[in-house]
file protein-v2.csv (CSV, C-alpha atoms and all ligand atoms)
chain,number,residue,atom,x,y,z
P,1,MET,CA,-21.7,33.2,0.7
P,2,THR,CA,-20.1,29.9,1.5
P,3,ARG,CA,-21.5,26.6,0.5
P,4,ASN,CA,-20.3,23.1,1.0
P,5,ALA,CA,-18.9,21.6,-2.2
P,6,GLN,CA,-20.7,18.4,-3.1
P,7,ARG,CA,-18.4,15.4,-3.0
P,8,GLY,CA,-16.8,14.8,-6.3
P,9,GLN,CA,-16.9,11.7,-8.5
P,10,PHE,CA,-14.2,9.1,-8.4
P,11,VAL,CA,-13.6,7.4,-11.8
P,12,THR,CA,-11.0,4.6,-12.3
P,13,LEU,CA,-9.5,3.1,-15.4
P,14,GLU,CA,-8.6,-0.6,-15.3
P,15,GLY,CA,-7.5,-3.3,-17.7
P,16,ILE,CA,-4.4,-5.4,-18.5
P,17,ASP,CA,-1.2,-3.8,-19.9
P,18,GLY,CA,-1.8,-2.5,-23.4
P,19,ALA,CA,-5.6,-2.3,-23.0
P,20,GLY,CA,-5.6,1.4,-23.7
P,21,LYS,CA,-6.0,3.0,-20.3
P,22,SER,CA,-3.3,5.7,-20.6
P,23,THR,CA,-4.3,6.5,-24.2
P,24,HIS,CA,-7.9,7.0,-23.3
P,25,ALA,CA,-7.1,8.7,-20.0
P,26,ALA,CA,-5.6,11.6,-21.9
P,27,TRP,CA,-8.6,11.9,-24.1
P,28,LEU,CA,-11.1,11.6,-21.2
P,29,VAL,CA,-9.4,14.4,-19.3
P,30,GLU,CA,-10.0,16.8,-22.2
P,31,ALA,CA,-13.5,15.6,-22.8
P,32,LEU,CA,-14.4,16.0,-19.1
P,33,ARG,CA,-12.8,19.5,-18.8
P,34,ALA,CA,-14.7,20.5,-21.9
P,35,ARG,CA,-17.8,19.7,-20.0
P,36,GLY,CA,-16.8,22.2,-17.3
P,37,LEU,CA,-15.6,19.6,-14.7
P,38,THR,CA,-12.5,20.2,-12.6
P,39,VAL,CA,-10.5,17.0,-13.2
P,40,VAL,CA,-7.6,15.6,-11.1
P,41,ALA,CA,-5.9,13.1,-13.3
P,42,THR,CA,-3.6,10.7,-11.4
P,43,ARG,CA,-2.3,7.1,-11.5
P,44,GLU,CA,-1.3,4.1,-9.4
P,45,PRO,CA,1.0,3.1,-8.2
P,46,GLY,CA,2.1,6.7,-7.9
P,47,GLY,CA,0.4,10.1,-7.6
P,48,THR,CA,2.6,11.2,-4.7
P,49,ARG,CA,6.3,11.6,-4.1
P,50,ILE,CA,6.3,8.4,-2.0
P,51,GLY,CA,4.0,6.7,-4.4
P,52,GLU,CA,6.1,7.4,-7.4
P,53,ALA,CA,9.2,6.2,-5.5
P,54,LEU,CA,7.4,3.0,-4.6
P,55,ARG,CA,6.3,2.7,-8.3
P,56,GLU,CA,9.9,2.5,-9.4
P,57,LEU,CA,10.5,-0.3,-7.0
P,58,LEU,CA,7.3,-2.1,-7.8
P,59,LEU,CA,7.8,-1.9,-11.6
P,60,ARG,CA,11.5,-2.7,-11.6
P,61,GLN,CA,12.6,-4.9,-8.7
P,62,PRO,CA,11.8,-8.6,-8.2
P,63,MET,CA,10.1,-9.2,-4.8
P,64,ALA,CA,7.8,-11.6,-3.0
P,65,HIS,CA,4.2,-11.4,-4.3
P,66,ASP,CA,2.8,-10.4,-0.9
P,67,THR,CA,5.5,-7.7,-0.6
P,68,GLU,CA,4.1,-6.4,-3.8
P,69,ALA,CA,0.6,-6.2,-2.4
P,70,LEU,CA,1.8,-4.5,0.7
P,71,LEU,CA,3.8,-1.8,-1.2
P,72,MET,CA,0.9,-1.2,-3.6
P,73,PHE,CA,-1.4,-0.5,-0.6
P,74,ALA,CA,1.3,1.6,1.1
P,75,ALA,CA,1.5,3.8,-2.0
P,76,ARG,CA,-2.3,3.9,-2.2
P,77,ARG,CA,-2.6,5.0,1.4
P,78,GLU,CA,-0.5,8.1,0.7
P,79,HIS,CA,-2.4,8.7,-2.5
P,80,VAL,CA,-5.8,8.5,-0.8
P,81,LEU,CA,-4.7,10.8,2.0
P,82,GLN,CA,-2.8,13.4,0.0
P,83,VAL,CA,-4.6,13.5,-3.3
P,84,ILE,CA,-7.8,11.5,-3.8
P,85,GLU,CA,-9.8,12.3,-0.6
P,86,PRO,CA,-8.9,16.1,-0.7
P,87,ALA,CA,-9.9,16.3,-4.3
P,88,LEU,CA,-13.2,14.5,-3.8
P,89,ALA,CA,-13.9,16.7,-0.7
P,90,ARG,CA,-13.4,19.8,-2.9
P,91,GLY,CA,-15.9,18.5,-5.4
P,92,ASP,CA,-13.4,17.6,-8.1
P,93,LEU,CA,-13.7,14.7,-10.4
P,94,VAL,CA,-10.8,12.3,-9.8
P,95,LEU,CA,-9.7,10.2,-12.8
P,96,CYS,CA,-7.3,7.5,-11.7
P,97,ASP,CA,-5.4,5.2,-14.0
P,98,ARG,CA,-5.6,1.9,-11.9
P,99,TYR,CA,-6.8,1.5,-8.2
P,100,THR,CA,-7.6,-1.4,-6.0
P,101,ASP,CA,-9.3,-3.5,-8.7
P,102,ALA,CA,-5.8,-3.7,-10.2
P,103,THR,CA,-4.4,-5.2,-6.9
P,104,TRP,CA,-7.2,-7.8,-6.9
P,105,ALA,CA,-6.5,-8.6,-10.6
P,106,TYR,CA,-2.6,-8.5,-10.7
P,107,GLN,CA,-1.6,-9.6,-7.2
P,108,GLY,CA,-4.7,-11.6,-6.4
P,109,GLY,CA,-5.5,-13.1,-9.8
P,110,GLY,CA,-2.1,-12.9,-11.5
P,111,HIS,CA,0.2,-13.8,-8.5
P,112,ARG,CA,-2.4,-15.6,-6.3
P,113,VAL,CA,-1.8,-13.4,-3.2
P,114,SER,CA,-4.3,-14.4,-0.5
P,115,LYS,CA,-7.7,-12.7,-0.9
P,116,SER,CA,-7.9,-12.2,2.9
P,117,LEU,CA,-4.7,-10.2,2.9
P,118,ILE,CA,-5.9,-8.0,0.1
P,119,ALA,CA,-9.3,-7.5,1.7
P,120,ASP,CA,-7.7,-6.6,5.1
P,121,LEU,CA,-5.4,-4.0,3.4
P,122,GLU,CA,-8.3,-2.6,1.4
P,123,ARG,CA,-10.3,-2.1,4.5
P,124,HIS,CA,-7.5,-0.4,6.3
P,125,VAL,CA,-6.3,1.8,3.4
P,126,HIS,CA,-9.6,3.1,2.0
P,127,ALA,CA,-12.8,1.9,3.6
P,128,GLY,CA,-15.2,4.5,2.3
P,129,CYS,CA,-13.1,5.7,-0.5
P,130,ASN,CA,-14.2,3.6,-3.5
P,131,PRO,CA,-14.7,4.4,-7.1
P,132,ASP,CA,-18.2,5.5,-8.3
P,133,LEU,CA,-17.4,4.4,-11.8
P,134,THR,CA,-14.8,2.0,-13.2
P,135,LEU,CA,-14.1,1.8,-16.9
P,136,LEU,CA,-12.6,-1.7,-17.6
P,137,PHE,CA,-10.8,-1.8,-20.9
P,138,ASP,CA,-11.0,-5.4,-21.9
P,139,VAL,CA,-8.6,-7.0,-24.4
P,140,PRO,CA,-7.4,-10.6,-24.8
P,141,SER,CA,-3.8,-11.2,-23.7
P,142,SER,CA,-2.8,-11.7,-27.4
P,143,VAL,CA,-3.8,-8.1,-28.2
P,144,SER,CA,-2.0,-6.9,-25.2
P,145,ARG,CA,1.2,-8.8,-26.2
P,146,ASP,CA,1.1,-7.4,-29.8
P,147,ARG,CA,0.7,-3.8,-28.6
P,148,LEU,CA,3.5,-4.2,-26.0
P,149,GLU,CA,5.8,-5.7,-28.5
P,150,ARG,CA,5.1,-2.8,-30.9
P,151,MET,CA,5.9,-0.4,-28.1
P,152,ARG,CA,9.1,-2.3,-27.4
P,153,ALA,CA,10.1,-2.2,-31.1
P,154,LEU,CA,9.7,1.6,-30.9
P,155,GLY,CA,12.3,1.7,-28.1
P,156,ARG,CA,10.1,1.7,-24.9
P,157,ASP,CA,11.6,-0.8,-22.4
P,158,LEU,CA,8.9,-3.0,-20.8
P,159,ASP,CA,8.4,-3.1,-17.0
P,160,LYS,CA,8.3,-6.2,-14.8
P,161,PHE,CA,4.6,-6.7,-15.2
P,162,GLU,CA,4.6,-6.1,-19.0
P,163,LEU,CA,7.2,-8.9,-19.3
P,164,GLU,CA,4.9,-11.5,-17.7
P,165,ASP,CA,3.6,-14.3,-19.9
P,166,ALA,CA,0.2,-14.9,-21.5
P,167,GLY,CA,-0.9,-17.2,-18.6
P,168,PHE,CA,-0.4,-14.4,-16.2
P,169,PHE,CA,-2.4,-11.9,-18.3
P,170,ASP,CA,-5.1,-14.4,-18.8
P,171,ARG,CA,-5.5,-14.7,-15.0
P,172,VAL,CA,-5.4,-11.0,-14.5
P,173,ARG,CA,-8.0,-10.5,-17.2
P,174,ASP,CA,-10.3,-13.2,-15.7
P,175,ALA,CA,-10.0,-11.6,-12.3
P,176,TYR,CA,-11.0,-8.2,-13.7
P,177,LEU,CA,-14.0,-9.7,-15.5
P,178,GLU,CA,-15.1,-11.5,-12.4
P,179,ARG,CA,-15.0,-8.3,-10.4
P,180,ALA,CA,-17.0,-6.5,-13.1
P,181,ALA,CA,-19.6,-9.3,-13.1
P,182,ALA,CA,-19.9,-9.1,-9.3
P,183,ASP,CA,-20.5,-5.3,-9.4
P,184,PRO,CA,-22.2,-4.3,-12.6
P,185,SER,CA,-23.5,-1.0,-11.3
P,186,ARG,CA,-20.0,0.3,-10.8
P,187,PHE,CA,-18.2,-1.2,-13.9
P,188,ARG,CA,-18.5,-0.5,-17.6
P,189,VAL,CA,-16.7,-3.2,-19.5
P,190,ILE,CA,-15.4,-1.6,-22.7
P,191,ASP,CA,-14.1,-3.7,-25.6
P,192,GLY,CA,-10.6,-2.1,-26.0
P,193,GLY,CA,-9.8,-4.3,-29.0
P,194,ARG,CA,-11.8,-2.1,-31.4
P,195,PRO,CA,-10.3,0.9,-33.4
P,196,LEU,CA,-9.6,3.9,-31.2
P,197,ALA,CA,-12.4,6.0,-32.7
P,198,GLU,CA,-15.0,3.3,-31.8
P,199,VAL,CA,-13.7,3.1,-28.2
P,200,ARG,CA,-13.8,6.9,-28.0
P,201,ALA,CA,-17.4,7.1,-29.2
P,202,GLU,CA,-18.4,4.7,-26.4
P,203,LEU,CA,-16.5,6.8,-23.9
P,204,ALA,CA,-18.1,10.0,-25.2
P,205,ARG,CA,-21.5,8.5,-24.3
P,206,ILE,CA,-20.3,7.5,-20.8
P,207,VAL,CA,-18.8,11.0,-20.3
P,208,SER,CA,-22.0,12.7,-21.2
P,209,ALA,CA,-23.7,11.1,-18.2
P,210,LEU,CA,-21.1,12.5,-15.7
P,301,LIG,N1,-8.0,0.7,-29.5
P,301,LIG,C1,-6.7,0.7,-29.9
P,301,LIG,N2,-6.4,0.4,-31.2
P,301,LIG,C2,-5.1,0.4,-31.5
P,301,LIG,N3,-4.0,0.7,-30.7
P,301,LIG,C3,-4.3,1.0,-29.4
P,301,LIG,C4,-5.7,1.0,-28.9
P,301,LIG,N4,-5.7,1.3,-27.6
P,301,LIG,C5,-4.4,1.5,-27.3
P,301,LIG,N5,-3.6,1.3,-28.3
P,301,LIG,C6,-2.1,1.4,-28.4
P,301,LIG,O1,-1.6,0.3,-27.5
P,301,LIG,C7,-0.5,0.7,-26.8
P,301,LIG,C8,-0.8,0.6,-25.3
P,301,LIG,O2,-1.8,1.5,-24.9
P,301,LIG,P1,-1.8,2.2,-23.5
P,301,LIG,O3,-2.9,3.2,-23.5
P,301,LIG,O4,-0.4,2.6,-23.1
P,301,LIG,O5,-2.3,0.9,-22.6
P,301,LIG,P2,-2.3,0.8,-21.0
P,301,LIG,O6,-2.2,2.2,-20.4
P,301,LIG,O7,-3.7,0.2,-20.7
P,301,LIG,O8,-1.2,-0.2,-20.7
P,301,LIG,C9,-0.2,2.2,-27.2
P,301,LIG,O9,0.8,2.2,-28.1
P,301,LIG,C10,-1.6,2.6,-27.8
P,301,LIG,O10,-1.4,3.6,-28.8
P,302,MG,MG,-0.8,2.8,-19.0
call {"tool": "encode", "arguments": {"input": "protein-v2.csv", "output": "structure tokens"}}
result
Amino acid sequence: MTRNAQRGQFVTLEGIDGAGKSTHAAWLVEALRARGLTVVATREPGGTRIGEALRELLLRQPMAHDTEALLMFAARREHVLQVIEPALARGDLVLCDRYTDATWAYQGGGHRVSKSLIADLERHVHAGCNPDLTLLFDVPSSVSRDRLERMRALGRDLDKFELEDAGFFDRVRDAYLERAAADPSRFRVIDGGRPLAEVRAELARIVSAL
């Protein structure tokens, strides 16, 4: 007997650098698999051969801010076509570390790229492929800076975005919070400044609803 798989759920993780996305992504994947869900964990920019190659350029090379937006969406187009849409069509849960909210926040808010350019690219690249749920890990830029400096002290070199100043991260954070306020049914804003166990307890409650 064949049956059509129900479309899967699309969950994205957002927040400024150091907010805890990658840390919690690893935990979330395990928690979701333990619930019997088939999880495709992926990230942006990246997730495909072309996307990962563009990630290297985006995170290392200086470029015009609108070039940055164009390349982010080029990487995203491959990601949507090759990974995200096929997984959702199979009925899998897609857990993606950053998606288009990050472009609105970093390129739009942080670098002041025109909103109409971002809106046009968004429409072209993934009209109809939008997250069902977005977990926004929220921390002040001072917390982000402390965590990034600690990582740097441990020998991890920081990328182009991680080296931006507090003003940039304040604008990125504000842009994220504005988007969350405009779409409260999709976003959960999670205070990422609390101890890990407390953040996890909140995530566990959210996961149990998926
Ligand atoms: N709630 C937390 N309390 C303390 N340290 C944290 C917390 N969340 C994340 N960290 C630490 O902060 C650093 C950045 O976290 P990471 O998950 O890489 O952030 P992101 O992926 O959002 O940039 C890591 O060293 C991580 O262990
Ligand atoms: Mg990360």
call {"tool": "residues_near_ligand", "arguments": {"input": "protein-v2.csv", "ligand": "ligand LIG 301 (chain P)", "cutoff": "7 Å", "atoms": "all atoms listed in the file", "output": "number ranges by chain"}}
result
P: 15-24, 147-148, 151, 192-196, 199
call {"tool": "residues_around", "arguments": {"input": "protein-v2.csv", "residues": "range 174-176 of chain P", "least_positions_apart": "2", "cutoff": "8 Å", "atoms": "only C-alpha atoms", "output": "PDB file with C-alpha atoms, in the coordinates of the input"}}
result
ATOM      1  CA  GLY P  15      -7.500  -3.300 -17.700  1.00  0.00           C
ATOM      2  CA  ASP P 101      -9.300  -3.500  -8.700  1.00  0.00           C
ATOM      3  CA  ALA P 102      -5.800  -3.700 -10.200  1.00  0.00           C
ATOM      4  CA  TRP P 104      -7.200  -7.800  -6.900  1.00  0.00           C
ATOM      5  CA  ALA P 105      -6.500  -8.600 -10.600  1.00  0.00           C
ATOM      6  CA  GLY P 108      -4.700 -11.600  -6.400  1.00  0.00           C
ATOM      7  CA  GLY P 109      -5.500 -13.100  -9.800  1.00  0.00           C
ATOM      8  CA  LEU P 136     -12.600  -1.700 -17.600  1.00  0.00           C
ATOM      9  CA  ASP P 170      -5.100 -14.400 -18.800  1.00  0.00           C
ATOM     10  CA  ARG P 171      -5.500 -14.700 -15.000  1.00  0.00           C
ATOM     11  CA  VAL P 172      -5.400 -11.000 -14.500  1.00  0.00           C
ATOM     12  CA  GLU P 178     -15.100 -11.500 -12.400  1.00  0.00           C
ATOM     13  CA  ARG P 179     -15.000  -8.300 -10.400  1.00  0.00           C
ATOM     14  CA  ALA P 180     -17.000  -6.500 -13.100  1.00  0.00           C
TER      15      ALA P 180
END
call {"tool": "closest_residue", "arguments": {"input": "protein-v2.csv", "among": "P:Phe187, P:Phe73, P:Phe161, P:Phe10", "to": "ligand MG 302 (chain P)", "atoms": "only C-alpha atoms and all ligand atoms"}}
result
P:Phe161
call {"tool": "closest_residue", "arguments": {"input": "protein-v2.csv", "among": "P:Val29, P:Ala75, P:Ala153, P:Cys96", "to": "ligand MG 302 (chain P)", "atoms": "all atoms listed in the file"}}
result
P:Cys96
call {"tool": "residues_around", "arguments": {"input": "protein-v2.csv", "residues": "His124 in chain P", "least_positions_apart": "5", "cutoff": "12 Å", "atoms": "only C-alpha atoms", "output": "PyMOL selection string"}}
result
chain P and resi 70+73-74+76-77+80+117-119+129
call {"tool": "residues_around", "arguments": {"input": "protein-v2.csv", "residues": "Glu78 in chain P", "least_positions_apart": "2", "cutoff": "12 Å", "atoms": "all atoms listed in the file", "output": "JSON, numbers by chain"}}
result
{"P": [44, 45, 46, 47, 48, 49, 50, 51, 52, 53, 54, 71, 72, 73, 74, 75, 76, 80, 81, 82, 83, 84, 85, 86, 125, 126]}
call {"tool": "closest_residue", "arguments": {"input": "protein-v2.csv", "among": "P:Val94, P:Val39, P:Leu158, P:Leu121", "to": "ligand MG 302 (chain P)", "atoms": "all atoms listed in the file"}}
result
P:Leu158
call {"tool": "atom_distance", "arguments": {"input": "protein-v2.csv", "atom1": "CA of Ala5 in chain P", "atom2": "CA of Arg188 in chain P"}}
result
26.9 Å
call {"tool": "atom_distance", "arguments": {"input": "protein-v2.csv", "atom1": "CA of Gly36 in chain P", "atom2": "CA of Thr12 in chain P"}}
result
19.2 Å
call {"tool": "closest_residue", "arguments": {"input": "protein-v2.csv", "among": "P:Asp183, P:Leu135, P:Ala127, P:Thr67", "to": "Glu202 in chain P", "atoms": "only C-alpha atoms"}}
result
P:Leu135
call {"tool": "closest_residue", "arguments": {"input": "protein-v2.csv", "among": "P:Ala64, P:Ala31, P:Ala25, P:Ile206", "to": "ligand MG 302 (chain P)", "atoms": "all atoms listed in the file"}}
result
P:Ala25
call {"tool": "closest_residue", "arguments": {"input": "protein-v2.csv", "among": "P:Pro131, P:Leu13, P:Ser142, P:His79", "to": "ligand MG 302 (chain P)", "atoms": "all atoms listed in the file"}}
result
P:Leu13
call {"tool": "residues_around", "arguments": {"input": "protein-v2.csv", "residues": "Gln61 in chain P", "least_positions_apart": "6", "cutoff": "10 Å", "atoms": "all atoms listed in the file", "output": "JSON list (two decimals) with C-alpha atoms, in the frame of the given file"}}
result
[["chain", "number", "residue", "atom", "x", "y", "z"],
["P", 55, "ARG", "CA", 6.30, 2.70, -8.30],
["P", 68, "GLU", "CA", 4.10, -6.40, -3.80],
["P", 159, "ASP", "CA", 8.40, -3.10, -17.00],
["P", 160, "LYS", "CA", 8.30, -6.20, -14.80]]
call {"tool": "atom_distance", "arguments": {"input": "protein-v2.csv", "atom1": "CA of Arg152 in chain P", "atom2": "CA of Glu14 in chain P"}}
result
21.5 Å
